$ cat upload29.pdb   # PDB, C-alpha atoms
ATOM      1  CA  MET A   1      72.490  89.173 120.376  1.00  0.00           C
ATOM      2  CA  GLY A   2      75.096  87.176 122.249  1.00  0.00           C
ATOM      3  CA  ARG A   3      78.667  88.182 122.858  1.00  0.00           C
ATOM      4  CA  ALA A   4      80.459  84.884 123.524  1.00  0.00           C
ATOM      5  CA  ALA A   5      82.348  84.942 120.210  1.00  0.00           C
ATOM      6  CA  ILE A   6      83.215  88.640 120.579  1.00  0.00           C
ATOM      7  CA  GLU A   7      84.544  88.034 124.087  1.00  0.00           C
ATOM      8  CA  GLN A   8      86.661  85.121 122.837  1.00  0.00           C
ATOM      9  CA  LEU A   9      88.101  87.240 120.011  1.00  0.00           C
ATOM     10  CA  LEU A  10      88.873  90.058 122.458  1.00  0.00           C
ATOM     11  CA  TYR A  11      90.672  87.566 124.692  1.00  0.00           C
ATOM     12  CA  LEU A  12      92.725  86.180 121.788  1.00  0.00           C
ATOM     13  CA  MET A  13      93.475  89.680 120.519  1.00  0.00           C
ATOM     14  CA  ASP A  14      94.727  90.752 123.950  1.00  0.00           C
ATOM     15  CA  GLU A  15      96.780  87.566 124.388  1.00  0.00           C
ATOM     16  CA  ALA A  16      98.516  88.015 121.026  1.00  0.00           C
ATOM     17  CA  PHE A  17      99.233  91.671 121.785  1.00  0.00           C
ATOM     18  CA  GLU A  18     100.065  91.670 125.497  1.00  0.00           C
ATOM     19  CA  GLY A  19      99.494  88.323 127.154  1.00  0.00           C
ATOM     20  CA  ALA A  20     101.046  86.920 130.291  1.00  0.00           C
ATOM     21  CA  ASP A  21     104.410  85.825 128.887  1.00  0.00           C
ATOM     22  CA  GLU A  22     107.171  86.761 126.470  1.00  0.00           C
ATOM     23  CA  GLU A  23     105.533  85.093 123.475  1.00  0.00           C
ATOM     24  CA  ASP A  24     103.103  87.955 122.866  1.00  0.00           C
ATOM     25  CA  LEU A  25     103.999  91.022 120.813  1.00  0.00           C
ATOM     26  CA  LEU A  26     104.777  93.458 123.643  1.00  0.00           C
ATOM     27  CA  GLY A  27     106.446  90.674 125.638  1.00  0.00           C
ATOM     28  CA  ASN A  28     108.929  90.299 122.803  1.00  0.00           C
ATOM     29  CA  LEU A  29     109.665  94.026 122.916  1.00  0.00           C
ATOM     30  CA  ARG A  30     110.452  94.124 126.650  1.00  0.00           C
ATOM     31  CA  ALA A  31     113.951  92.704 126.177  1.00  0.00           C
ATOM     32  CA  VAL A  32     114.787  94.816 123.095  1.00  0.00           C
ATOM     33  CA  THR A  33     117.502  97.440 123.600  1.00  0.00           C
ATOM     34  CA  GLN A  34     117.652 100.730 121.701  1.00  0.00           C
ATOM     35  CA  THR A  35     120.546  99.341 119.645  1.00  0.00           C
ATOM     36  CA  GLU A  36     118.568  96.198 118.762  1.00  0.00           C
ATOM     37  CA  TRP A  37     115.493  98.312 117.980  1.00  0.00           C
ATOM     38  CA  LEU A  38     117.253  99.941 115.016  1.00  0.00           C
ATOM     39  CA  ALA A  39     119.724  97.220 114.014  1.00  0.00           C
ATOM     40  CA  VAL A  40     119.359  94.975 110.984  1.00  0.00           C
ATOM     41  CA  PRO A  41     121.171  91.642 111.509  1.00  0.00           C
ATOM     42  CA  PRO A  42     123.334  90.292 108.679  1.00  0.00           C
ATOM     43  CA  GLY A  43     121.201  88.650 106.022  1.00  0.00           C
ATOM     44  CA  CYS A  44     118.063  90.490 107.166  1.00  0.00           C
ATOM     45  CA  VAL A  45     116.400  93.549 105.647  1.00  0.00           C
ATOM     46  CA  ARG A  46     114.203  95.015 108.413  1.00  0.00           C
ATOM     47  CA  SER A  47     114.724  96.375 111.894  1.00  0.00           C
ATOM     48  CA  ILE A  48     112.410  95.755 114.829  1.00  0.00           C
ATOM     49  CA  ARG A  49     111.352  99.409 114.607  1.00  0.00           C
ATOM     50  CA  GLN A  50     110.278  98.882 110.994  1.00  0.00           C
ATOM     51  CA  ILE A  51     108.263  95.816 111.961  1.00  0.00           C
ATOM     52  CA  ILE A  52     106.561  97.665 114.821  1.00  0.00           C
ATOM     53  CA  GLY A  53     105.865 100.560 112.444  1.00  0.00           C
ATOM     54  CA  HIS A  54     104.227  98.093 110.067  1.00  0.00           C
ATOM     55  CA  ILE A  55     102.139  96.431 112.792  1.00  0.00           C
ATOM     56  CA  GLY A  56     100.954  99.776 114.134  1.00  0.00           C
ATOM     57  CA  ALA A  57     100.160 101.169 110.692  1.00  0.00           C
ATOM     58  CA  CYS A  58      98.089  98.077 109.916  1.00  0.00           C
ATOM     59  CA  LYS A  59      96.156  98.404 113.182  1.00  0.00           C
ATOM     60  CA  TYR A  60      95.217 102.002 112.347  1.00  0.00           C
ATOM     61  CA  MET A  61      94.494 101.287 108.675  1.00  0.00           C
ATOM     62  CA  TYR A  62      92.365  98.198 109.319  1.00  0.00           C
ATOM     63  CA  ASP A  63      90.459 100.012 112.056  1.00  0.00           C
ATOM     64  CA  ASP A  64      89.781 103.070 109.886  1.00  0.00           C
ATOM     65  CA  HIS A  65      88.749 101.083 106.827  1.00  0.00           C
ATOM     66  CA  ALA A  66      86.627  98.486 108.675  1.00  0.00           C
ATOM     67  CA  PHE A  67      85.049 100.695 111.341  1.00  0.00           C
ATOM     68  CA  GLY A  68      85.670 104.289 110.222  1.00  0.00           C
ATOM     69  CA  ASP A  69      85.231 106.267 107.044  1.00  0.00           C
ATOM     70  CA  GLY A  70      88.053 104.507 105.188  1.00  0.00           C
ATOM     71  CA  SER A  71      89.863 107.717 104.316  1.00  0.00           C
ATOM     72  CA  MET A  72      93.151 106.916 106.068  1.00  0.00           C
ATOM     73  CA  THR A  73      96.188 106.254 103.871  1.00  0.00           C
ATOM     74  CA  TRP A  74      99.712 104.990 104.540  1.00  0.00           C
ATOM     75  CA  GLU A  75     100.925 108.577 104.058  1.00  0.00           C
ATOM     76  CA  ASP A  76      98.879 109.832 107.021  1.00  0.00           C
ATOM     77  CA  PRO A  77     100.798 110.864 110.147  1.00  0.00           C
ATOM     78  CA  ALA A  78     101.702 108.183 112.670  1.00  0.00           C
ATOM     79  CA  GLY A  79     100.098 110.020 115.574  1.00  0.00           C
ATOM     80  CA  ASP A  80     102.368 112.737 116.943  1.00  0.00           C
ATOM     81  CA  LEU A  81     105.588 110.943 115.964  1.00  0.00           C
ATOM     82  CA  GLY A  82     106.446 113.452 113.234  1.00  0.00           C
ATOM     83  CA  VAL A  83     106.544 110.826 110.461  1.00  0.00           C
ATOM     84  CA  SER A  84     103.982 109.109 108.255  1.00  0.00           C
ATOM     85  CA  MET A  85     102.865 105.540 108.801  1.00  0.00           C
ATOM     86  CA  GLU A  86     104.634 104.625 105.562  1.00  0.00           C
ATOM     87  CA  ASP A  87     107.870 106.316 106.696  1.00  0.00           C
ATOM     88  CA  LEU A  88     107.756 104.470 110.017  1.00  0.00           C
ATOM     89  CA  GLN A  89     108.109 101.232 108.050  1.00  0.00           C
ATOM     90  CA  SER A  90     111.189 102.467 106.152  1.00  0.00           C
ATOM     91  CA  ARG A  91     114.830 101.700 106.970  1.00  0.00           C
ATOM     92  CA  THR A  92     116.023 105.170 107.951  1.00  0.00           C
ATOM     93  CA  LEU A  93     114.300 108.308 109.130  1.00  0.00           C
ATOM     94  CA  ALA A  94     115.639 111.852 109.277  1.00  0.00           C
ATOM     95  CA  ARG A  95     114.478 111.965 112.913  1.00  0.00           C
ATOM     96  CA  GLU A  96     113.997 108.692 114.784  1.00  0.00           C
ATOM     97  CA  PRO A  97     111.061 108.875 117.199  1.00  0.00           C
ATOM     98  CA  PRO A  98     111.888 107.336 120.589  1.00  0.00           C
ATOM     99  CA  MET A  99     111.118 103.635 120.999  1.00  0.00           C
ATOM    100  CA  ARG A 100     108.731 104.272 123.908  1.00  0.00           C
ATOM    101  CA  GLU A 101     106.708 106.773 121.824  1.00  0.00           C
ATOM    102  CA  ILE A 102     106.393 104.372 118.898  1.00  0.00           C
ATOM    103  CA  THR A 103     105.383 101.600 121.301  1.00  0.00           C
ATOM    104  CA  GLN A 104     102.733 103.877 122.844  1.00  0.00           C
ATOM    105  CA  TRP A 105     101.437 104.738 119.346  1.00  0.00           C
ATOM    106  CA  LEU A 106     101.221 100.982 118.659  1.00  0.00           C
ATOM    107  CA  ARG A 107      99.351 100.437 121.939  1.00  0.00           C
ATOM    108  CA  ASN A 108      96.916 103.253 121.089  1.00  0.00           C
ATOM    109  CA  GLY A 109      96.220 101.648 117.703  1.00  0.00           C
ATOM    110  CA  HIS A 110      95.534  98.318 119.385  1.00  0.00           C
ATOM    111  CA  CYS A 111      93.150  99.953 121.877  1.00  0.00           C
ATOM    112  CA  ARG A 112      91.356 101.764 119.069  1.00  0.00           C
ATOM    113  CA  LEU A 113      90.782  98.560 117.064  1.00  0.00           C
ATOM    114  CA  ARG A 114      89.906  96.595 120.210  1.00  0.00           C
ATOM    115  CA  GLY A 115      87.406  99.276 121.234  1.00  0.00           C
ATOM    116  CA  HIS A 116      85.514  98.972 117.974  1.00  0.00           C
ATOM    117  CA  LEU A 117      85.405  95.188 118.269  1.00  0.00           C
ATOM    118  CA  ALA A 118      84.170  95.457 121.870  1.00  0.00           C
ATOM    119  CA  GLU A 119      81.173  97.510 120.687  1.00  0.00           C
ATOM    120  CA  LEU A 120      79.902  94.644 118.504  1.00  0.00           C
ATOM    121  CA  ASP A 121      77.734  91.641 119.246  1.00  0.00           C
ATOM    122  CA  ASP A 122      78.166  88.186 117.718  1.00  0.00           C
ATOM    123  CA  THR A 123      75.672  88.817 114.908  1.00  0.00           C
ATOM    124  CA  GLU A 124      78.007  91.455 113.461  1.00  0.00           C
ATOM    125  CA  LEU A 125      80.910  89.035 112.937  1.00  0.00           C
ATOM    126  CA  GLY A 126      79.483  88.007 109.560  1.00  0.00           C
ATOM    127  CA  VAL A 127      79.010  91.601 108.393  1.00  0.00           C
ATOM    128  CA  PRO A 128      81.243  92.466 105.429  1.00  0.00           C
ATOM    129  CA  ARG A 129      83.674  95.309 106.078  1.00  0.00           C
ATOM    130  CA  ARG A 130      86.392  96.709 103.894  1.00  0.00           C
ATOM    131  CA  PRO A 131      90.042  96.030 104.728  1.00  0.00           C
ATOM    132  CA  PRO A 132      92.629  98.582 103.520  1.00  0.00           C
ATOM    133  CA  GLU A 133      93.170  96.560 100.335  1.00  0.00           C
ATOM    134  CA  GLY A 134      90.861  94.319  98.403  1.00  0.00           C
ATOM    135  CA  GLU A 135      87.239  93.355  98.537  1.00  0.00           C
ATOM    136  CA  PRO A 136      85.067  93.454 101.664  1.00  0.00           C
ATOM    137  CA  ARG A 137      85.593  90.557 104.079  1.00  0.00           C
ATOM    138  CA  GLU A 138      83.565  89.349 107.036  1.00  0.00           C
ATOM    139  CA  THR A 139      84.325  91.158 110.288  1.00  0.00           C
ATOM    140  CA  ARG A 140      85.499  87.856 111.819  1.00  0.00           C
ATOM    141  CA  TRP A 141      88.142  87.536 109.052  1.00  0.00           C
ATOM    142  CA  ILE A 142      89.424  91.066 109.657  1.00  0.00           C
ATOM    143  CA  ILE A 143      89.786  90.471 113.403  1.00  0.00           C
ATOM    144  CA  ALA A 144      91.340  87.014 112.922  1.00  0.00           C
ATOM    145  CA  ASN A 145      93.784  88.537 110.450  1.00  0.00           C
ATOM    146  CA  MET A 146      94.851  91.187 112.975  1.00  0.00           C
ATOM    147  CA  ILE A 147      95.342  88.529 115.678  1.00  0.00           C
ATOM    148  CA  ARG A 148      97.466  86.428 113.293  1.00  0.00           C
ATOM    149  CA  HIS A 149      99.374  89.552 112.308  1.00  0.00           C
ATOM    150  CA  ASP A 150     100.445  90.265 115.907  1.00  0.00           C
ATOM    151  CA  ALA A 151     101.427  86.628 116.504  1.00  0.00           C
ATOM    152  CA  TYR A 152     103.354  86.365 113.235  1.00  0.00           C
ATOM    153  CA  HIS A 153     105.374  89.510 113.801  1.00  0.00           C
ATOM    154  CA  ALA A 154     105.938  88.700 117.503  1.00  0.00           C
ATOM    155  CA  GLY A 155     107.767  85.582 116.310  1.00  0.00           C
ATOM    156  CA  GLU A 156     109.692  87.596 113.760  1.00  0.00           C
ATOM    157  CA  ILE A 157     110.778  90.100 116.429  1.00  0.00           C
ATOM    158  CA  ASN A 158     111.712  87.254 118.766  1.00  0.00           C
ATOM    159  CA  HIS A 159     113.942  85.738 116.099  1.00  0.00           C
ATOM    160  CA  LEU A 160     115.645  89.040 115.199  1.00  0.00           C
ATOM    161  CA  ARG A 161     116.246  89.772 118.874  1.00  0.00           C
ATOM    162  CA  ALA A 162     117.637  86.266 119.451  1.00  0.00           C
ATOM    163  CA  LEU A 163     120.004  86.626 116.489  1.00  0.00           C
ATOM    164  CA  MET A 164     121.300  89.948 117.794  1.00  0.00           C
ATOM    165  CA  GLN A 165     121.680  88.628 121.349  1.00  0.00           C
ATOM    166  CA  GLY A 166     123.363  85.428 120.168  1.00  0.00           C
ATOM    167  CA  LYS A 167     120.635  83.333 121.818  1.00  0.00           C
ATOM    168  CA  ASP A 168     118.976  81.656 118.844  1.00  0.00           C
ATOM    169  CA  GLY A 169     119.076  78.102 120.241  1.00  0.00           C
ATOM    170  CA  TRP A 170     116.411  76.194 122.094  1.00  0.00           C
ATOM    171  CA  ALA A 171     116.193  76.958 125.820  1.00  0.00           C
ATOM    172  CA  TRP A 172     117.006  73.329 126.723  1.00  0.00           C
ATOM    173  CA  GLU A 173     120.127  73.146 124.549  1.00  0.00           C
ATOM    174  CA  PRO A 174     123.491  73.917 126.160  1.00  0.00           C
ATOM    175  CA  GLY A 175     125.502  76.931 124.976  1.00  0.00           C
TER     176      GLY A 175
END
$ encode --input "upload29.pdb" --output "structure tokens"
Amino acid sequence: MGRAAIEQLLYLMDEAFEGADEEDLLGNLRAVTQTEWLAVPPGCVRSIRQIIGHIGACKYMYDDHAFGDGSMTWEDPAGDLGVSMEDLQSRTLAREPPMREITQWLRNGHCRLRGHLAELDDTELGVPRRPPEGEPRETRWIIANMIRHDAYHAGEINHLRALMQGKDGWAWEPG
């Protein structure tokens, strides 16, 4: 009952979520202003808040379906934010929860999923578990998918933020 693979997955999960530089998910949020949080650049269809709502909802849903009783739905409340997880992914809300509260809800979802992974040993990585949609998948696939999910959307947030800040060029290029 080793834990080398579990420890490596925990490391990668933490690096994708909140590593040591701006390329991780939370690193990309540090430079986002309240205006940028809700804005949708020309030619785009989602705000950074919508993307964070989606990432957080997936963390909670994957955790509940893989490690819990699987009863959670997209219509369930997004913590104490006063909106559902589905609503948090929509363009406009009647009442916008503060950015810091949504970010804390996201962090709590990450910790919840991470906590369940940390309880496992390497032999459990091949155990089939149910994702929110579809047929059961190996635990390793579910965790790898969540790591990819954070990295993918971190890049998406980085690009939206760069477009809004007018800094979409390479760092080494002038102007």
$ resolve_selection --input "upload29.pdb" --expression "the PyMOL selection byres ((chain A and resi 29-40) around 10)" --output "number ranges by chain"
A: 22-28, 41-52, 91-92, 96, 98-100, 103, 154, 157-158, 160-165
$ resolve_selection --input "upload29.pdb" --expression "the PyMOL selection byres ((chain A and resi 4) around 12)" --output "list in words"
Met1, Gly2, Arg3, Ala5, Ile6, Glu7, Gln8, Leu9, Leu10, Tyr11, Ala118, Leu120, Asp121, Asp122, Thr123 and Leu125 of chain A
$ closest_residue --input "upload29.pdb" --among "A:Asp168, A:Lys59, A:Ala66, A:Gln89" --to "A:Val127" --atoms "only C-alpha atoms"
A:Ala66
$ closest_residue --input "upload29.pdb" --among "A:Gly53, A:Pro128, A:Pro174, A:Gly166" --to "A:Asp87" --atoms "only C-alpha atoms"
A:Gly53
$ atom_distance --input "upload29.pdb" --atom1 "atom CA of A:Leu81" --atom2 "atom CA of A:Pro97"
6.0 Å
$ axis_aligned_box --input "upload29.pdb" --around "stretch 140-145 of chain A" --padding-each-side "8 Å" --output "JSON"
{"center_x": 89.6, "center_y": 89.0, "center_z": 111.2, "size_x": 24.3, "size_y": 20.1, "size_z": 20.4}
$ resolve_selection --input "upload29.pdb" --expression "the PyMOL selection byres ((chain A and resi 105) around 9)" --output "MDAnalysis selection string"
chainID A and resid 56 78:81 100:104 106:110
$ closest_atom_pairs --input "upload29.pdb" --of "stretch 36-90 of chain A" --to "stretch 145-149 of chain A" --cutoff "9 Å" --atoms "only C-alpha atoms" --output "JSON lines"
{"residue": "A:Ile55", "atom": "CA", "partner": "A:His149", "partner_atom": "CA", "distance": 7.4}
{"residue": "A:Cys58", "atom": "CA", "partner": "A:Met146", "partner_atom": "CA", "distance": 8.2}
{"residue": "A:Lys59", "atom": "CA", "partner": "A:Met146", "partner_atom": "CA", "distance": 7.3}
{"residue": "A:Tyr62", "atom": "CA", "partner": "A:Met146", "partner_atom": "CA", "distance": 8.3}
$ closest_residue --input "upload29.pdb" --among "A:Thr139, A:Arg130, A:Glu124, A:Phe67" --to "A:Arg112" --atoms "only C-alpha atoms"
A:Phe67
$ atom_distance --input "upload29.pdb" --atom1 "atom CA of A:Asp64" --atom2 "atom CA of A:Val83"
18.5 Å
$ closest_residue --input "upload29.pdb" --among "A:Gly70, A:Leu12, A:Gly115, A:Met61" --to "A:Ala144" --atoms "all atoms listed in the file"
A:Leu12
$ atom_distance --input "upload29.pdb" --atom1 "atom CA of A:Gly82" --atom2 "atom CA of A:Cys111"
20.8 Å
$ closest_residue --input "upload29.pdb" --among "A:His159, A:Lys167, A:Arg129, A:His153" --to "A:His65" --atoms "only C-alpha atoms"
A:Arg129
$ build_atoms --input "upload29.pdb" --residues "stretch 93-127 of chain A" --atoms "N, CA and C atoms" --output "mmCIF file, in the frame of the given file"
data_model
loop_
_atom_site.group_PDB
_atom_site.id
_atom_site.type_symbol
_atom_site.label_atom_id
_atom_site.label_comp_id
_atom_site.auth_asym_id
_atom_site.auth_seq_id
_atom_site.Cartn_x
_atom_site.Cartn_y
_atom_site.Cartn_z
ATOM 1 N N LEU A 93 115.112 107.104 108.997
ATOM 2 C CA LEU A 93 114.300 108.308 109.130
ATOM 3 C C LEU A 93 115.217 109.478 109.436
ATOM 4 N N ALA A 94 114.845 110.659 108.981
ATOM 5 C CA ALA A 94 115.639 111.852 109.277
ATOM 6 C C ALA A 94 115.685 112.084 110.791
ATOM 7 N N ARG A 95 114.556 111.852 111.456
ATOM 8 C CA ARG A 95 114.478 111.965 112.913
ATOM 9 C C ARG A 95 113.793 110.712 113.432
ATOM 10 N N GLU A 96 114.526 109.937 114.214
ATOM 11 C CA GLU A 96 113.997 108.692 114.784
ATOM 12 C C GLU A 96 113.149 109.003 116.013
ATOM 13 N N PRO A 97 111.853 108.722 115.980
ATOM 14 C CA PRO A 97 111.061 108.875 117.199
ATOM 15 C C PRO A 97 111.552 107.884 118.260
ATOM 16 N N PRO A 98 111.459 108.252 119.528
ATOM 17 C CA PRO A 98 111.888 107.336 120.589
ATOM 18 C C PRO A 98 111.078 106.032 120.589
ATOM 19 N N MET A 99 111.741 104.956 120.957
ATOM 20 C CA MET A 99 111.118 103.635 120.999
ATOM 21 C C MET A 99 109.856 103.650 121.862
ATOM 22 N N ARG A 100 109.892 104.276 123.007
ATOM 23 C CA ARG A 100 108.731 104.272 123.908
ATOM 24 C C ARG A 100 107.538 105.000 123.279
ATOM 25 N N GLU A 101 107.802 106.049 122.476
ATOM 26 C CA GLU A 101 106.708 106.773 121.824
ATOM 27 C C GLU A 101 106.087 105.945 120.703
ATOM 28 N N ILE A 102 106.918 105.242 119.958
ATOM 29 C CA ILE A 102 106.393 104.372 118.898
ATOM 30 C C ILE A 102 105.596 103.233 119.520
ATOM 31 N N THR A 103 106.093 102.688 120.617
ATOM 32 C CA THR A 103 105.383 101.600 121.301
ATOM 33 C C THR A 103 104.046 102.095 121.849
ATOM 34 N N GLN A 104 104.002 103.321 122.359
ATOM 35 C CA GLN A 104 102.733 103.877 122.844
ATOM 36 C C GLN A 104 101.763 104.105 121.684
ATOM 37 N N TRP A 105 102.270 104.570 120.546
ATOM 38 C CA TRP A 105 101.437 104.738 119.346
ATOM 39 C C TRP A 105 100.854 103.384 118.925
ATOM 40 N N LEU A 106 101.677 102.341 118.961
ATOM 41 C CA LEU A 106 101.221 100.982 118.659
ATOM 42 C C LEU A 106 100.117 100.571 119.627
ATOM 43 N N ARG A 107 100.340 100.794 120.909
ATOM 44 C CA ARG A 107 99.351 100.437 121.939
ATOM 45 C C ARG A 107 98.031 101.188 121.696
ATOM 46 N N ASN A 108 98.125 102.470 121.359
ATOM 47 C CA ASN A 108 96.916 103.253 121.089
ATOM 48 C C ASN A 108 96.144 102.684 119.895
ATOM 49 N N GLY A 109 96.871 102.259 118.864
ATOM 50 C CA GLY A 109 96.220 101.648 117.703
ATOM 51 C C GLY A 109 95.517 100.355 118.068
ATOM 52 N N HIS A 110 96.153 99.566 118.922
ATOM 53 C CA HIS A 110 95.534 98.318 119.385
ATOM 54 C C HIS A 110 94.249 98.631 120.159
ATOM 55 N N CYS A 111 94.323 99.593 121.066
ATOM 56 C CA CYS A 111 93.150 99.953 121.877
ATOM 57 C C CYS A 111 92.013 100.476 121.007
ATOM 58 N N ARG A 112 92.364 101.221 119.985
ATOM 59 C CA ARG A 112 91.356 101.764 119.069
ATOM 60 C C ARG A 112 90.624 100.624 118.339
ATOM 61 N N LEU A 113 91.377 99.699 117.767
ATOM 62 C CA LEU A 113 90.782 98.560 117.064
ATOM 63 C C LEU A 113 89.989 97.681 118.036
ATOM 64 N N ARG A 114 90.566 97.418 119.198
ATOM 65 C CA ARG A 114 89.906 96.595 120.210
ATOM 66 C C ARG A 114 88.589 97.230 120.655
ATOM 67 N N GLY A 115 88.608 98.556 120.816
ATOM 68 C CA GLY A 115 87.406 99.276 121.234
ATOM 69 C C GLY A 115 86.257 99.111 120.256
ATOM 70 N N HIS A 116 86.571 99.158 118.971
ATOM 71 C CA HIS A 116 85.514 98.972 117.974
ATOM 72 C C HIS A 116 84.987 97.539 117.989
ATOM 73 N N LEU A 117 85.854 96.577 118.168
ATOM 74 C CA LEU A 117 85.405 95.188 118.269
ATOM 75 C C LEU A 117 84.524 95.003 119.505
ATOM 76 N N ALA A 118 84.908 95.611 120.615
ATOM 77 C CA ALA A 118 84.170 95.457 121.870
ATOM 78 C C ALA A 118 82.752 96.025 121.786
ATOM 79 N N GLU A 119 82.509 96.924 120.851
ATOM 80 C CA GLU A 119 81.173 97.510 120.687
ATOM 81 C C GLU A 119 80.208 96.584 119.941
ATOM 82 N N LEU A 120 80.724 95.526 119.337
ATOM 83 C CA LEU A 120 79.902 94.644 118.504
ATOM 84 C C LEU A 120 79.253 93.533 119.320
ATOM 85 N N ASP A 121 78.252 92.898 118.710
ATOM 86 C CA ASP A 121 77.734 91.641 119.246
ATOM 87 C C ASP A 121 78.019 90.558 118.211
ATOM 88 N N ASP A 122 77.793 89.318 118.571
ATOM 89 C CA ASP A 122 78.166 88.186 117.718
ATOM 90 C C ASP A 122 77.529 88.221 116.331
ATOM 91 N N THR A 123 76.335 88.791 116.216
ATOM 92 C CA THR A 123 75.672 88.817 114.908
ATOM 93 C C THR A 123 76.440 89.665 113.899
ATOM 94 N N GLU A 124 77.273 90.565 114.365
ATOM 95 C CA GLU A 124 78.007 91.455 113.461
ATOM 96 C C GLU A 124 79.305 90.840 112.933
ATOM 97 N N LEU A 125 79.669 89.664 113.410
ATOM 98 C CA LEU A 125 80.910 89.035 112.937
ATOM 99 C C LEU A 125 80.839 88.601 111.476
ATOM 100 N N GLY A 126 79.646 88.373 110.962
ATOM 101 C CA GLY A 126 79.483 88.007 109.560
ATOM 102 C C GLY A 126 79.279 89.193 108.633
ATOM 103 N N VAL A 127 79.225 90.392 109.198
ATOM 104 C CA VAL A 127 79.010 91.601 108.393
ATOM 105 C C VAL A 127 80.249 91.902 107.564
#
